[in-house]
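**Q** Contents of entry.txt (compact mmCIF, C-alpha atoms):
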# COMPACT_ATOMS: atom_id res chain seq x y z
CA MET A 637 -12.12 8.43 9.81
CA LYS A 638 -12.69 9.59 6.27
CA LEU A 639 -10.15 9.41 3.46
CA LYS A 640 -8.87 12.82 2.42
CA LEU A 641 -7.12 13.28 -0.93
CA ASN A 642 -4.89 16.09 -2.14
CA PRO A 643 -4.07 15.68 -5.86
CA LEU A 644 -0.35 16.22 -6.49
CA HIS A 645 -0.50 16.14 -10.30
CA SER A 646 -3.20 16.85 -12.88
CA VAL A 647 -3.07 13.33 -14.35
CA PHE A 648 -2.20 11.01 -11.46
CA VAL A 649 -1.03 10.74 -7.81
CA ALA A 650 -2.66 12.11 -4.69
CA GLU A 651 -1.55 12.54 -1.11
CA ALA A 652 -3.81 10.47 1.14
CA SER A 653 -4.62 11.06 4.79
CA GLY A 654 -7.42 10.65 7.29
CA ILE A 655 -7.18 6.86 7.63
CA ASP A 656 -4.72 5.07 9.91
CA ILE A 657 -3.35 2.43 7.54
CA SER A 658 -1.36 0.80 10.35
CA GLN A 659 -4.64 -0.52 11.81
CA PRO A 660 -7.18 -2.97 10.35
CA LEU A 661 -9.36 -1.25 7.75
CA SER A 662 -13.14 -1.24 7.62
CA GLU A 663 -14.91 -2.26 4.42
CA THR A 664 -15.79 1.39 3.87
CA GLU A 665 -12.13 2.44 4.19
CA VAL A 666 -10.98 -0.33 1.83
CA ARG A 667 -13.58 0.73 -0.73
CA ALA A 668 -12.56 4.42 -0.43
CA ILE A 669 -8.84 3.61 -0.85
CA ASP A 670 -9.56 1.26 -3.77
CA ASP A 671 -11.66 3.94 -5.48
CA ALA A 672 -8.90 6.50 -4.92
CA MET A 673 -6.27 4.14 -6.39
CA SER A 674 -8.52 3.64 -9.42
CA GLN A 675 -8.75 7.40 -9.88
CA TYR A 676 -5.16 8.47 -9.08
CA ALA A 677 -3.13 5.24 -9.60
CA VAL A 678 -0.65 6.30 -6.90
CA LEU A 679 -1.47 7.30 -3.33
CA VAL A 680 1.20 8.86 -1.12
CA TRP A 681 0.84 8.30 2.63
CA ARG A 682 3.25 10.69 4.38
CA ASP A 683 4.88 10.11 7.76
CA ARG A 684 3.78 6.46 8.02
CA THR A 685 6.07 3.76 9.31
CA LEU A 686 4.61 0.28 8.93
CA SER A 687 6.09 -2.95 10.18
CA GLY A 688 6.35 -5.78 7.69
CA GLN A 689 3.23 -7.36 9.18
CA GLN A 690 1.28 -4.09 9.02
CA GLN A 691 2.27 -3.72 5.35
CA LEU A 692 1.04 -7.26 4.66
CA ASP A 693 -2.21 -6.67 6.55
CA PHE A 694 -2.83 -3.47 4.59
CA ALA A 695 -2.06 -5.13 1.25
CA ASN A 696 -4.20 -8.18 2.05
CA SER A 697 -7.17 -5.84 2.51
CA PHE A 698 -7.24 -5.50 -1.29
CA GLY A 699 -6.95 -9.16 -2.23
CA PRO A 700 -4.46 -12.02 -2.39
CA LEU A 701 -0.80 -11.13 -2.77
CA ASP A 702 1.12 -12.12 -5.90
CA LEU A 703 4.63 -13.48 -5.36
CA GLY A 704 5.49 -13.07 -9.06
CA LEU A 705 8.82 -11.25 -8.68
CA LYS A 706 9.85 -13.53 -5.82
CA LYS A 707 9.30 -16.54 -8.09
CA VAL A 708 11.44 -14.96 -10.82
CA PHE A 709 14.38 -13.78 -8.71
CA LYS A 710 14.59 -16.66 -6.20
CA ARG A 711 17.28 -14.92 -4.16
CA PRO A 712 17.75 -14.46 -0.44
CA GLU A 713 16.02 -11.37 0.86
CA ARG A 714 16.74 -9.15 3.84
CA LEU A 715 13.07 -8.85 4.78
CA GLU A 716 11.45 -11.11 7.36
CA ASP A 717 8.59 -12.38 5.19
CA GLU A 718 8.76 -13.89 1.70
CA ARG A 719 5.72 -11.84 0.68
CA LEU A 720 7.68 -8.58 1.09
CA ILE A 721 10.13 -7.41 -1.58
CA ASP A 722 12.50 -4.49 -2.12
CA ILE A 723 11.91 -2.62 -5.33
CA SER A 724 14.09 0.36 -6.11
CA ASN A 725 15.79 2.18 -8.91
The structure in this file should be written as structure tokens.

**A**
Amino acid sequence: MKLKLNPLHSVFVAEASGIDISQPLSETEVRAIDDAMSQYAVLVWRDRTLSGQQQLDFANSFGPLDLGLKKVFKRPERLEDERLIDISN
């Protein structure tokens, strides 16, 4: 499928669709998503529920994961994998 983008703001952020991010991505899809992140900084994928492993697989498509915040906080987490972290306001 082809990535579709709907800009949500004139400066940054777009709603993304057209690619099933719960499945392994092709090189073409990774490149399209990476280019879109470079252009919009934030991509919103609506109505997607990813398991922890699917989130990790998606993130790993773009390079190695950085455990920086995990190294700083060193606290027990509720998530099943040390590479996942809760960030909220």

**Q** Let me make sure I understand: among A:Ile721, A:Leu639, A:Leu692, A:Ala652, which one has the smallest atom-to-atom distance to Leu679 (chain A) if we use all atoms listed in the file?

**A**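 Nearest candidate to Leu679 (chain A) out of A:Ile721, A:Leu639, A:Leu692, A:Ala652: A:Ala652.
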
**Q** I'd like the interatomic distance between CA of Leu720 (chain A) and CA of Phe694 (chain A), to a tenth of an Å.

**A**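 CA of Phe694 (chain A) lies 12.2 Å from CA of Leu720 (chain A).
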
**Q** Go through A:Arg719, A:Arg714, A:Arg684, A:Arg667 one by one, measure the shortest atom-to-atom distance of each to Ser653 (chain A) using only C-alpha atoms, and give the residue with the smallest value.

**A** A:Arg684

**Q** Residues proximal to (-12.0, -3.3, 1.3) were defined as those with any atom within 6 Å of that point in the file's coordinates, counting all atoms listed in the file. Which are they, as JSON, numbers by chain?

**A** {"A": [663, 666, 667, 697, 698]}

**Q** List as a PDB file with C-alpha atoms, keeping the file's coordinate frame the residues having at least one atom at most 12 Å from position (-3.8, 6.6, -11.0) as given in the file, counting only C-alpha atoms.

**A**
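File point-v8.pdb, as written:
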ATOM      1  CA  PRO A 643      -4.070  15.680  -5.860  1.00  0.00           C
ATOM      2  CA  LEU A 644      -0.350  16.220  -6.490  1.00  0.00           C
ATOM      3  CA  HIS A 645      -0.500  16.140 -10.300  1.00  0.00           C
ATOM      4  CA  SER A 646      -3.200  16.850 -12.880  1.00  0.00           C
ATOM      5  CA  VAL A 647      -3.070  13.330 -14.350  1.00  0.00           C
ATOM      6  CA  PHE A 648      -2.200  11.010 -11.460  1.00  0.00           C
ATOM      7  CA  VAL A 649      -1.030  10.740  -7.810  1.00  0.00           C
ATOM      8  CA  ALA A 650      -2.660  12.110  -4.690  1.00  0.00           C
ATOM      9  CA  GLU A 651      -1.550  12.540  -1.110  1.00  0.00           C
ATOM     10  CA  ILE A 669      -8.840   3.610  -0.850  1.00  0.00           C
ATOM     11  CA  ASP A 670      -9.560   1.260  -3.770  1.00  0.00           C
ATOM     12  CA  ASP A 671     -11.660   3.940  -5.480  1.00  0.00           C
ATOM     13  CA  ALA A 672      -8.900   6.500  -4.920  1.00  0.00           C
ATOM     14  CA  MET A 673      -6.270   4.140  -6.390  1.00  0.00           C
ATOM     15  CA  SER A 674      -8.520   3.640  -9.420  1.00  0.00           C
ATOM     16  CA  GLN A 675      -8.750   7.400  -9.880  1.00  0.00           C
ATOM     17  CA  TYR A 676      -5.160   8.470  -9.080  1.00  0.00           C
ATOM     18  CA  ALA A 677      -3.130   5.240  -9.600  1.00  0.00           C
ATOM     19  CA  VAL A 678      -0.650   6.300  -6.900  1.00  0.00           C
ATOM     20  CA  LEU A 679      -1.470   7.300  -3.330  1.00  0.00           C
ATOM     21  CA  VAL A 680       1.200   8.860  -1.120  1.00  0.00           C
TER      22      VAL A 680
END

**Q** When you draw a straight line from CA of Asp722 (chain A) to CA of Gln659 (chain A), how long is it in Å?

**A**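 Between these atoms lies a distance of 22.4 Å.
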
**Q** In Å, with one decimal, what is the gap from CA of Lys640 (chain A) to CA of Gln691 (chain A)?

**A** 20.2 Å

**Q** Work out where the centre of an axis-aligned box around every listed atom of region 686-695 of chain A lies and how long its edges are once 6 Å is added on each side; give both in Å to one decimal as AutoDock Vina command-line options.

**A**
--center_x 1.8 --center_y -3.5 --center_z 5.7 --size_x 21.2 --size_y 19.6 --size_z 20.9
